[in-house]
$ cat final12.txt   # compact mmCIF, C-alpha atoms and all ligand atoms
# COMPACT_ATOMS: atom_id res chain seq x y z
CA MET A 1 0.00 0.00 0.00
CA THR A 2 1.29 3.45 -0.96
CA GLN A 3 2.01 5.85 1.88
CA VAL A 4 1.53 9.54 1.13
CA TRP A 5 3.53 12.22 2.97
CA TYR A 6 2.23 15.77 2.92
CA THR A 7 4.91 17.35 5.09
CA VAL A 8 8.66 17.30 4.73
CA THR A 9 9.09 16.63 8.46
CA ASP A 10 6.92 13.49 8.32
CA TRP A 11 8.69 12.32 5.20
CA LEU A 12 12.16 12.83 6.74
CA ASN A 13 11.12 10.72 9.74
CA ARG A 14 9.93 8.01 7.39
CA ARG A 15 13.14 8.28 5.35
CA ARG A 16 15.21 7.47 8.44
CA ALA A 17 13.29 4.21 8.78
CA LEU A 18 14.29 3.32 5.21
CA ASP A 19 18.04 3.66 5.80
CA GLY A 20 19.89 0.72 4.33
CA ARG A 21 17.16 -0.09 1.75
CA GLY A 22 17.69 0.36 -2.02
CA ILE A 23 15.71 3.45 -3.04
CA GLY A 24 14.59 4.56 -6.50
CA PHE A 25 13.00 7.97 -7.03
CA VAL A 26 10.69 9.47 -9.65
CA PRO A 27 10.23 13.25 -9.22
CA THR A 28 7.13 14.64 -10.94
CA MET A 29 4.91 17.68 -11.09
CA GLY A 30 1.79 15.50 -11.15
CA ALA A 31 -0.76 15.37 -13.99
CA LEU A 32 0.69 11.93 -14.54
CA HIS A 33 0.53 10.14 -17.90
CA ARG A 34 1.96 7.03 -19.55
CA GLY A 35 5.40 8.65 -19.70
CA HIS A 36 5.49 8.95 -15.91
CA ALA A 37 4.05 5.45 -15.58
CA SER A 38 6.99 4.08 -17.58
CA LEU A 39 9.43 5.82 -15.21
CA VAL A 40 7.69 4.35 -12.16
CA GLU A 41 7.57 0.89 -13.75
CA ARG A 42 11.29 0.98 -14.47
CA CYS A 43 11.96 2.30 -10.96
CA ARG A 44 9.82 -0.54 -9.54
CA ALA A 45 11.79 -3.13 -11.51
CA GLU A 46 15.19 -1.83 -10.40
CA ASN A 47 14.75 -0.85 -6.75
CA GLU A 48 13.57 -2.26 -3.45
CA ILE A 49 11.66 0.90 -2.49
CA VAL A 50 9.93 3.22 -4.97
CA VAL A 51 9.50 6.86 -3.95
CA ALA A 52 7.70 9.43 -6.13
CA SER A 53 7.15 13.12 -5.52
CA ILE A 54 4.37 15.39 -6.75
CA PHE A 55 5.26 19.06 -6.57
CA VAL A 56 4.42 21.76 -9.10
CA ASN A 57 7.61 23.72 -8.68
CA PRO A 58 6.92 27.48 -8.97
CA SER A 59 10.58 28.41 -9.40
CA GLN A 60 10.80 26.73 -12.82
CA PHE A 61 7.91 28.68 -14.36
CA ASN A 62 8.97 31.95 -15.94
CA ASP A 63 5.38 32.67 -17.00
CA PRO A 64 2.89 32.93 -14.08
CA LYS A 65 0.01 32.07 -16.46
CA ASP A 66 1.73 28.83 -17.40
CA LEU A 67 2.00 27.93 -13.69
CA GLU A 68 -1.65 28.86 -13.05
CA ARG A 69 -3.00 26.59 -15.72
CA TYR A 70 -0.64 23.68 -15.10
CA PRO A 71 -3.02 20.71 -14.69
CA CYS A 72 -3.53 19.43 -11.15
CA THR A 73 -4.97 15.91 -10.84
CA LEU A 74 -3.76 14.77 -7.42
CA GLU A 75 -6.40 12.11 -6.71
CA ASN A 76 -5.91 10.39 -10.06
CA ASP A 77 -2.14 10.68 -9.69
CA LEU A 78 -2.19 8.97 -6.30
CA ARG A 79 -4.44 6.20 -7.66
CA LEU A 80 -2.09 5.64 -10.58
CA LEU A 81 0.99 5.56 -8.34
CA GLU A 82 -0.72 3.06 -6.05
CA SER A 83 -1.60 0.83 -9.03
CA LEU A 84 2.02 0.97 -10.21
CA GLY A 85 3.28 -0.19 -6.84
CA ALA A 86 4.90 3.03 -5.57
CA ASP A 87 5.74 2.61 -1.88
CA GLU A 88 6.01 6.25 -0.84
CA VAL A 89 4.69 9.47 -2.37
CA ILE A 90 5.82 12.88 -1.17
CA VAL A 91 3.47 15.82 -1.79
CA PRO A 92 5.29 18.78 -0.20
CA THR A 93 4.18 22.41 -0.18
CA ALA A 94 6.16 25.35 -1.55
CA PRO A 95 6.69 27.03 1.86
CA GLU A 96 8.20 23.79 3.14
CA LEU A 97 10.45 23.24 0.15
CA TYR A 98 11.44 26.91 0.03
CA PRO A 99 11.39 27.89 3.73
CA ASN A 100 13.48 31.00 3.07
CA GLY A 101 11.84 31.82 -0.22
CA TYR A 102 13.94 31.20 -3.28
CA CYS A 103 17.17 32.32 -1.67
CA PHE A 104 19.52 29.42 -2.44
CA ARG A 105 19.74 28.55 -6.12
CA VAL A 106 21.73 26.29 -8.38
CA GLU A 107 22.36 27.45 -11.89
CA PRO A 108 24.36 26.35 -14.87
CA ALA A 109 27.01 28.95 -15.65
CA GLY A 110 29.28 29.33 -18.64
CA ASP A 111 28.03 29.12 -22.17
CA ALA A 112 25.40 31.51 -23.52
CA PRO A 113 21.92 30.17 -22.75
CA VAL A 114 20.43 28.01 -25.49
CA MET A 115 17.03 26.47 -26.18
CA GLU A 116 15.06 26.07 -22.91
CA ALA A 117 17.53 28.30 -21.06
CA ALA A 118 17.16 31.03 -23.69
CA PHE A 119 13.38 30.84 -24.09
CA ARG A 120 12.46 30.16 -20.45
CA PRO A 121 14.80 32.30 -18.35
CA GLY A 122 15.23 30.76 -14.90
CA PHE A 123 13.76 27.40 -15.94
CA LEU A 124 16.94 25.33 -15.65
CA GLN A 125 17.87 27.12 -12.44
CA GLY A 126 14.44 26.28 -10.96
CA VAL A 127 14.69 22.65 -12.05
CA MET A 128 18.23 22.16 -10.74
CA THR A 129 17.38 23.82 -7.43
CA VAL A 130 14.26 21.77 -6.79
CA VAL A 131 15.87 18.53 -7.96
CA LEU A 132 18.82 19.12 -5.62
CA LYS A 133 16.38 19.73 -2.74
CA LEU A 134 14.35 16.61 -3.59
CA LEU A 135 17.45 14.43 -3.97
CA GLY A 136 18.64 15.72 -0.58
CA MET A 137 15.30 14.78 0.99
CA VAL A 138 15.00 11.35 -0.61
CA ARG A 139 18.68 10.33 -0.87
CA PRO A 140 17.87 7.76 -3.57
CA ASP A 141 20.31 5.34 -5.20
CA ARG A 142 18.71 6.05 -8.58
CA ALA A 143 16.48 8.81 -9.94
CA TYR A 144 14.53 8.47 -13.19
CA PHE A 145 14.11 11.26 -15.77
CA GLY A 146 12.48 11.18 -19.21
CA GLU A 147 14.42 11.96 -22.37
CA LYS A 148 11.59 14.16 -23.61
CA ASP A 149 12.97 16.96 -21.42
CA TYR A 150 16.41 16.36 -22.87
CA GLN A 151 18.10 19.56 -21.76
CA GLN A 152 16.70 19.08 -18.24
CA LEU A 153 18.03 15.52 -18.21
CA ARG A 154 21.48 16.77 -19.24
CA VAL A 155 21.74 19.52 -16.62
CA VAL A 156 20.48 17.23 -13.85
CA THR A 157 23.01 14.55 -14.87
CA ASP A 158 25.82 17.13 -14.97
CA MET A 159 24.76 18.61 -11.62
CA ALA A 160 24.70 15.19 -9.95
CA ARG A 161 28.23 14.53 -11.24
CA GLU A 162 29.58 18.02 -10.38
CA PHE A 163 28.24 17.89 -6.80
CA PHE A 164 29.29 14.24 -6.27
CA LEU A 165 25.69 13.29 -5.48
CA PRO A 166 25.42 9.59 -4.61
CA THR A 167 22.45 9.17 -6.98
CA GLU A 168 22.61 7.60 -10.43
CA ILE A 169 20.52 9.64 -12.89
CA VAL A 170 18.73 7.14 -15.14
CA PRO A 171 17.55 8.41 -18.56
CA CYS A 172 14.31 6.83 -19.82
CA PRO A 173 12.95 6.85 -23.40
CA THR A 174 10.11 9.17 -24.42
CA VAL A 175 6.70 7.50 -24.48
CA ARG A 176 4.60 8.41 -27.53
CA GLU A 177 1.01 8.13 -28.64
CA GLU A 178 0.36 6.15 -31.80
CA SER A 179 0.47 9.42 -33.76
CA GLY A 180 4.03 10.03 -32.54
CA LEU A 181 3.00 12.79 -30.14
CA ALA A 182 5.20 12.66 -27.03
CA GLU A 183 3.23 12.09 -23.81
CA SER A 184 3.13 15.32 -21.83
CA SER A 185 1.00 16.77 -19.04
CA ARG A 186 0.40 19.76 -21.29
CA ASN A 187 -1.29 17.64 -24.01
CA ARG A 188 -4.51 17.71 -22.00
CA LEU A 189 -4.66 21.49 -22.50
CA LEU A 190 -5.05 20.96 -26.27
CA SER A 191 -8.39 20.65 -28.09
CA PRO A 192 -8.99 17.29 -29.86
CA GLU A 193 -8.01 18.93 -33.20
CA GLY A 194 -4.98 20.52 -31.56
CA LYS A 195 -3.89 17.15 -30.24
CA GLU A 196 -4.04 15.67 -33.72
CA LYS A 197 -2.08 18.56 -35.13
CA ALA A 198 0.47 18.38 -32.30
CA ALA A 199 1.77 15.10 -33.74
CA TRP A 200 3.37 17.25 -36.46
CA LEU A 201 6.05 18.18 -33.95
CA PHE A 202 7.38 14.61 -34.00
CA ARG A 203 6.71 14.28 -37.74
CA ALA A 204 8.60 17.46 -38.56
CA LEU A 205 11.55 16.46 -36.37
CA THR A 206 11.83 13.04 -37.96
CA THR A 207 11.08 13.84 -41.62
CA ALA A 208 12.68 17.23 -42.30
CA ALA A 209 16.03 17.30 -44.07
CA ASN A 210 17.31 19.93 -41.63
CA PRO A 211 16.17 22.16 -38.74
CA ASP A 212 15.13 25.02 -41.07
CA GLN A 213 12.85 22.70 -42.99
CA ALA A 214 11.38 21.35 -39.74
CA ARG A 215 10.65 24.94 -38.69
CA SER A 216 8.86 25.64 -42.00
CA ILE A 217 6.77 22.48 -41.70
CA LEU A 218 5.70 23.45 -38.19
CA GLN A 219 4.89 27.03 -39.16
CA ALA A 220 2.79 25.78 -42.06
CA GLN A 221 0.81 23.67 -39.56
CA GLY A 222 0.12 26.73 -37.40
CA PHE A 223 2.78 26.28 -34.70
CA VAL A 224 4.61 29.29 -33.28
CA VAL A 225 8.15 27.93 -33.30
CA GLU A 226 10.65 28.90 -30.60
CA TYR A 227 13.56 26.77 -31.74
CA VAL A 228 14.57 23.77 -33.79
CA GLU A 229 18.20 22.88 -33.19
CA GLU A 230 20.64 20.04 -33.48
CA ARG A 231 22.90 19.39 -30.50
CA TRP A 232 24.30 16.47 -28.55
CA GLY A 233 23.36 14.07 -31.38
CA ARG A 234 19.67 15.04 -31.10
CA ARG A 235 17.27 17.22 -33.05
CA LEU A 236 15.28 19.26 -30.53
CA ALA A 237 12.34 21.68 -30.81
CA ALA A 238 9.97 23.82 -28.80
CA ALA A 239 6.82 25.25 -30.36
CA CYS A 240 3.43 26.54 -29.24
CA LEU A 241 0.10 25.32 -30.54
CA GLU A 242 -3.19 26.76 -29.29
CA GLY A 243 -1.05 28.69 -26.81
CA VAL A 244 0.30 25.42 -25.34
CA ARG A 245 4.08 25.08 -25.30
CA LEU A 246 5.26 21.67 -26.50
CA ILE A 247 8.79 20.29 -26.64
CA ASP A 248 10.21 17.15 -28.21
CA ASN A 249 13.46 15.69 -29.48
CA VAL A 250 14.65 12.65 -31.40
CA PRO A 251 18.08 11.10 -31.91
CA ALA A 252 19.64 12.84 -34.93
CA ALA A 253 20.28 9.39 -36.48
CA GLU A 254 16.52 8.78 -36.50
CA THR A 255 16.04 11.80 -38.73
CA GLU A 256 18.03 10.02 -41.45
CA ARG A 257 15.89 6.88 -41.34
CA TRP A 258 12.69 8.68 -42.32
O1 LIG A 301 10.14 17.12 -15.40
C1 LIG A 301 9.46 17.51 -14.44
O2 LIG A 301 8.34 17.07 -14.21
C2 LIG A 301 10.05 18.57 -13.51
O3 LIG A 301 10.85 19.47 -14.20
C3 LIG A 301 10.81 17.98 -12.30
C4 LIG A 301 12.02 17.18 -12.72
C5 LIG A 301 9.87 17.09 -11.50
C6 LIG A 301 11.29 19.11 -11.39
O4 LIG A 301 10.24 19.91 -10.95

$ encode --input "final12.txt" --output "structure tokens"
Amino acid sequence: MTQVWYTVTDWLNRRRALDGRGIGFVPTMGALHRGHASLVERCRAENEIVVASIFVNPSQFNDPKDLERYPCTLENDLRLLESLGADEVIVPTAPELYPNGYCFRVEPAGDAPVMEAAFRPGFLQGVMTVVLKLLGMVRPDRAYFGEKDYQQLRVVTDMAREFFLPTEIVPCPTVREESGLAESSRNRLLSPEGKEKAAWLFRALTTAANPDQARSILQAQGFVVEYVEERWGRRLAAACLEGVRLIDNVPAAETERW
């Protein structure tokens, strides 16, 4: 049976009782879908204890409207996590996770900001900060992150290495609908027609000869494109449809197969 912890203090007491057990962790912002389910399933298969968190992290939203309309489906999420065999779920509040406000922050320094860092100022900083806090609270052996948020996955992996965190960051493949659309909590904000059209993001990434062509395909379908770029052996894009911001990426090699 899944145990749910609504305060950090209660969770930290519970965590002490788990010392010595093999712990896997899936951090989420709720509004769970098949992509999250695949992370929990993998975590279940590889660890003695499965811990998940549900926390819509305000510090990673640069647009307050985006935060306001982020879907919140706590009851369904808890039911799903129970059915997937999660042992512990942490549902902390912002004042508990940020007791001094947002006064300690982790941020990637160095190169000029690109992609998510350029288009969502403060996003990577917010993600790294909350992930560091959550990893400190859970102290897992492994933590599971989806490849859909590829830049996030990279900075979290780099941060864990740079700070000698004792947690292995495990990358997990993107889960897609039959149409190719990557599973995302934001998909439920799209109209049925929008959802059909949204599959063009994957189609454009996999069929275009180059990023410029992918951009043109997306624009022709009515997307407002933020970026299409090739880096780290991937082709990555962010674009808005019906005012909903969608991101996706595919291995660059896959773009040659299509
Ligand atoms: O990918 C997400 O859902 C979030 O960015 C994460 C990793 C849970 C941090 O808030």

$ residues_near_ligand --input "final12.txt" --ligand "ligand LIG 301 (chain A)" --cutoff "7 Å" --atoms "all atoms listed in the file" --output "ChimeraX atom specification"
/A:27-29,55-57,127,130-131,145,149

$ residues_around --input "final12.txt" --residues "Leu80 (chain A)" --least-positions-apart "2" --cutoff "12 Å" --atoms "only C-alpha atoms" --output "PyMOL selection string"
chain A and resi 2+30-34+36-38+40-41+52+73-78+82-86+89

$ axis_aligned_box --input "final12.txt" --around "region 160-173 of chain A" --padding-each-side "4 Å" --output "JSON"
{"center_x": 21.3, "center_y": 12.4, "center_z": -14.0, "size_x": 24.6, "size_y": 19.2, "size_z": 26.8}

$ atom_distance --input "final12.txt" --atom1 "CA of Gly222 (chain A)" --atom2 "CA of Leu236 (chain A)"
18.2 Å

$ atom_distance --input "final12.txt" --atom1 "CA of Arg79 (chain A)" --atom2 "CA of Arg188 (chain A)"
18.4 Å

$ closest_residue --input "final12.txt" --among "A:Ala109, A:Ala143, A:Met115, A:Leu201" --to "Asn47 (chain A)" --atoms "only C-alpha atoms"
A:Ala143

$ closest_residue --input "final12.txt" --among "A:Val175, A:Leu97, A:Ala239, A:Ala118" --to "Trp200 (chain A)" --atoms "all atoms listed in the file"
A:Ala239

$ atom_distance --input "final12.txt" --atom1 "CA of Val228 (chain A)" --atom2 "CA of Arg69 (chain A)"
25.4 Å

$ closest_residue --input "final12.txt" --among "A:Pro92, A:Pro99, A:Val224, A:Lys65" --to "Met137 (chain A)" --atoms "only C-alpha atoms"
A:Pro92

$ closest_residue --input "final12.txt" --among "A:Glu177, A:Glu48, A:Glu226, A:Glu68" --to "Ala117 (chain A)" --atoms "all atoms listed in the file"
A:Glu226

$ closest_residue --input "final12.txt" --among "A:Leu153, A:Ala160, A:Leu246, A:Leu124" --to "Leu190 (chain A)" --atoms "all atoms listed in the file"
A:Leu246

$ closest_residue --input "final12.txt" --among "A:Phe119, A:Tyr70, A:Tyr227, A:Trp5" --to "Thr93 (chain A)" --atoms "all atoms listed in the file"
A:Trp5

$ residues_near_point --input "final12.txt" --point "(9.1, 33.5, -13.7)" --cutoff "12 Å" --atoms "all atoms listed in the file" --output "PyMOL selection string"
chain A and resi 57-68+102+119-126

$ decode --input "final12.txt" --residues "region 115-143 of chain A" --atoms "N, CA, C and O atoms" --output "PDB file, in the first residue's frame"
ATOM      1  N   MET A 115      18.298  27.210 -26.192  1.00  0.00           N
ATOM      2  CA  MET A 115      17.030  26.475 -26.177  1.00  0.00           C
ATOM      3  C   MET A 115      16.198  26.791 -24.928  1.00  0.00           C
ATOM      4  O   MET A 115      15.806  27.924 -24.728  1.00  0.00           O
ATOM      5  N   GLU A 116      15.932  25.805 -24.061  1.00  0.00           N
ATOM      6  CA  GLU A 116      15.063  26.071 -22.907  1.00  0.00           C
ATOM      7  C   GLU A 116      15.612  27.214 -22.060  1.00  0.00           C
ATOM      8  O   GLU A 116      14.866  28.056 -21.558  1.00  0.00           O
ATOM      9  N   ALA A 117      16.927  27.258 -21.894  1.00  0.00           N
ATOM     10  CA  ALA A 117      17.532  28.305 -21.058  1.00  0.00           C
ATOM     11  C   ALA A 117      17.329  29.680 -21.685  1.00  0.00           C
ATOM     12  O   ALA A 117      17.143  30.674 -20.981  1.00  0.00           O
ATOM     13  N   ALA A 118      17.324  29.745 -23.015  1.00  0.00           N
ATOM     14  CA  ALA A 118      17.156  31.030 -23.688  1.00  0.00           C
ATOM     15  C   ALA A 118      15.691  31.453 -23.705  1.00  0.00           C
ATOM     16  O   ALA A 118      15.372  32.624 -23.520  1.00  0.00           O
ATOM     17  N   PHE A 119      14.797  30.487 -23.930  1.00  0.00           N
ATOM     18  CA  PHE A 119      13.381  30.845 -24.095  1.00  0.00           C
ATOM     19  C   PHE A 119      12.604  30.831 -22.779  1.00  0.00           C
ATOM     20  O   PHE A 119      11.512  31.376 -22.697  1.00  0.00           O
ATOM     21  N   ARG A 120      13.143  30.180 -21.759  1.00  0.00           N
ATOM     22  CA  ARG A 120      12.464  30.163 -20.451  1.00  0.00           C
ATOM     23  C   ARG A 120      13.480  30.571 -19.382  1.00  0.00           C
ATOM     24  O   ARG A 120      13.991  29.718 -18.637  1.00  0.00           O
ATOM     25  N   PRO A 121      13.779  31.863 -19.300  1.00  0.00           N
ATOM     26  CA  PRO A 121      14.800  32.301 -18.351  1.00  0.00           C
ATOM     27  C   PRO A 121      14.460  31.809 -16.941  1.00  0.00           C
ATOM     28  O   PRO A 121      13.322  31.925 -16.505  1.00  0.00           O
ATOM     29  N   GLY A 122      15.434  31.239 -16.277  1.00  0.00           N
ATOM     30  CA  GLY A 122      15.231  30.764 -14.905  1.00  0.00           C
ATOM     31  C   GLY A 122      14.730  29.331 -14.822  1.00  0.00           C
ATOM     32  O   GLY A 122      14.699  28.737 -13.747  1.00  0.00           O
ATOM     33  N   PHE A 123      14.341  28.755 -15.962  1.00  0.00           N
ATOM     34  CA  PHE A 123      13.764  27.400 -15.938  1.00  0.00           C
ATOM     35  C   PHE A 123      14.778  26.359 -15.426  1.00  0.00           C
ATOM     36  O   PHE A 123      14.514  25.611 -14.491  1.00  0.00           O
ATOM     37  N   LEU A 124      15.967  26.362 -16.046  1.00  0.00           N
ATOM     38  CA  LEU A 124      16.942  25.330 -15.650  1.00  0.00           C
ATOM     39  C   LEU A 124      17.384  25.532 -14.205  1.00  0.00           C
ATOM     40  O   LEU A 124      17.587  24.580 -13.453  1.00  0.00           O
ATOM     41  N   GLN A 125      17.504  26.801 -13.827  1.00  0.00           N
ATOM     42  CA  GLN A 125      17.873  27.119 -12.442  1.00  0.00           C
ATOM     43  C   GLN A 125      16.811  26.551 -11.472  1.00  0.00           C
ATOM     44  O   GLN A 125      17.149  25.924 -10.466  1.00  0.00           O
ATOM     45  N   GLY A 126      15.531  26.785 -11.809  1.00  0.00           N
ATOM     46  CA  GLY A 126      14.442  26.282 -10.961  1.00  0.00           C
ATOM     47  C   GLY A 126      14.444  24.768 -10.882  1.00  0.00           C
ATOM     48  O   GLY A 126      14.244  24.182  -9.813  1.00  0.00           O
ATOM     49  N   VAL A 127      14.678  24.115 -12.025  1.00  0.00           N
ATOM     50  CA  VAL A 127      14.690  22.651 -12.047  1.00  0.00           C
ATOM     51  C   VAL A 127      15.863  22.125 -11.220  1.00  0.00           C
ATOM     52  O   VAL A 127      15.704  21.242 -10.369  1.00  0.00           O
ATOM     53  N   MET A 128      17.052  22.672 -11.458  1.00  0.00           N
ATOM     54  CA  MET A 128      18.230  22.161 -10.745  1.00  0.00           C
ATOM     55  C   MET A 128      18.061  22.362  -9.242  1.00  0.00           C
ATOM     56  O   MET A 128      18.391  21.483  -8.448  1.00  0.00           O
ATOM     57  N   THR A 129      17.531  23.528  -8.865  1.00  0.00           N
ATOM     58  CA  THR A 129      17.375  23.821  -7.434  1.00  0.00           C
ATOM     59  C   THR A 129      16.396  22.845  -6.795  1.00  0.00           C
ATOM     60  O   THR A 129      16.696  22.251  -5.752  1.00  0.00           O
ATOM     61  N   VAL A 130      15.240  22.641  -7.425  1.00  0.00           N
ATOM     62  CA  VAL A 130      14.256  21.765  -6.785  1.00  0.00           C
ATOM     63  C   VAL A 130      14.734  20.312  -6.815  1.00  0.00           C
ATOM     64  O   VAL A 130      14.522  19.562  -5.857  1.00  0.00           O
ATOM     65  N   VAL A 131      15.401  19.919  -7.896  1.00  0.00           N
ATOM     66  CA  VAL A 131      15.872  18.526  -7.960  1.00  0.00           C
ATOM     67  C   VAL A 131      16.944  18.291  -6.884  1.00  0.00           C
ATOM     68  O   VAL A 131      16.937  17.260  -6.204  1.00  0.00           O
ATOM     69  N   LEU A 132      17.811  19.273  -6.677  1.00  0.00           N
ATOM     70  CA  LEU A 132      18.816  19.124  -5.617  1.00  0.00           C
ATOM     71  C   LEU A 132      18.138  18.994  -4.250  1.00  0.00           C
ATOM     72  O   LEU A 132      18.507  18.154  -3.431  1.00  0.00           O
ATOM     73  N   LYS A 133      17.111  19.808  -4.012  1.00  0.00           N
ATOM     74  CA  LYS A 133      16.377  19.729  -2.742  1.00  0.00           C
ATOM     75  C   LYS A 133      15.726  18.343  -2.601  1.00  0.00           C
ATOM     76  O   LYS A 133      15.814  17.708  -1.543  1.00  0.00           O
ATOM     77  N   LEU A 134      15.057  17.892  -3.670  1.00  0.00           N
ATOM     78  CA  LEU A 134      14.352  16.607  -3.593  1.00  0.00           C
ATOM     79  C   LEU A 134      15.332  15.448  -3.409  1.00  0.00           C
ATOM     80  O   LEU A 134      15.083  14.526  -2.624  1.00  0.00           O
ATOM     81  N   LEU A 135      16.470  15.513  -4.124  1.00  0.00           N
ATOM     82  CA  LEU A 135      17.450  14.431  -3.970  1.00  0.00           C
ATOM     83  C   LEU A 135      18.017  14.428  -2.549  1.00  0.00           C
ATOM     84  O   LEU A 135      18.284  13.375  -1.972  1.00  0.00           O
ATOM     85  N   GLY A 136      18.165  15.630  -1.969  1.00  0.00           N
ATOM     86  CA  GLY A 136      18.640  15.722  -0.581  1.00  0.00           C
ATOM     87  C   GLY A 136      17.632  15.125   0.394  1.00  0.00           C
ATOM     88  O   GLY A 136      17.993  14.508   1.392  1.00  0.00           O
ATOM     89  N   MET A 137      16.347  15.302   0.109  1.00  0.00           N
ATOM     90  CA  MET A 137      15.301  14.777   0.991  1.00  0.00           C
ATOM     91  C   MET A 137      15.130  13.271   0.860  1.00  0.00           C
ATOM     92  O   MET A 137      14.813  12.581   1.817  1.00  0.00           O
ATOM     93  N   VAL A 138      15.315  12.775  -0.352  1.00  0.00           N
ATOM     94  CA  VAL A 138      15.002  11.355  -0.612  1.00  0.00           C
ATOM     95  C   VAL A 138      16.257  10.481  -0.509  1.00  0.00           C
ATOM     96  O   VAL A 138      16.189   9.317  -0.138  1.00  0.00           O
ATOM     97  N   ARG A 139      17.403  11.054  -0.850  1.00  0.00           N
ATOM     98  CA  ARG A 139      18.684  10.325  -0.869  1.00  0.00           C
ATOM     99  C   ARG A 139      18.547   8.965  -1.587  1.00  0.00           C
ATOM    100  O   ARG A 139      18.848   7.908  -1.039  1.00  0.00           O
ATOM    101  N   PRO A 140      18.080   9.024  -2.848  1.00  0.00           N
ATOM    102  CA  PRO A 140      17.875   7.760  -3.569  1.00  0.00           C
ATOM    103  C   PRO A 140      19.173   7.223  -4.173  1.00  0.00           C
ATOM    104  O   PRO A 140      20.124   7.975  -4.395  1.00  0.00           O
ATOM    105  N   ASP A 141      19.186   5.919  -4.459  1.00  0.00           N
ATOM    106  CA  ASP A 141      20.310   5.335  -5.202  1.00  0.00           C
ATOM    107  C   ASP A 141      20.199   5.693  -6.677  1.00  0.00           C
ATOM    108  O   ASP A 141      21.180   5.882  -7.362  1.00  0.00           O
ATOM    109  N   ARG A 142      18.944   5.724  -7.161  1.00  0.00           N
ATOM    110  CA  ARG A 142      18.710   6.053  -8.579  1.00  0.00           C
ATOM    111  C   ARG A 142      17.544   7.017  -8.684  1.00  0.00           C
ATOM    112  O   ARG A 142      16.587   6.896  -7.919  1.00  0.00           O
ATOM    113  N   ALA A 143      17.628   7.935  -9.665  1.00  0.00           N
ATOM    114  CA  ALA A 143      16.483   8.813  -9.941  1.00  0.00           C
ATOM    115  C   ALA A 143      16.224   8.770 -11.447  1.00  0.00           C
ATOM    116  O   ALA A 143      17.163   8.758 -12.248  1.00  0.00           O
TER     117      ALA A 143
END
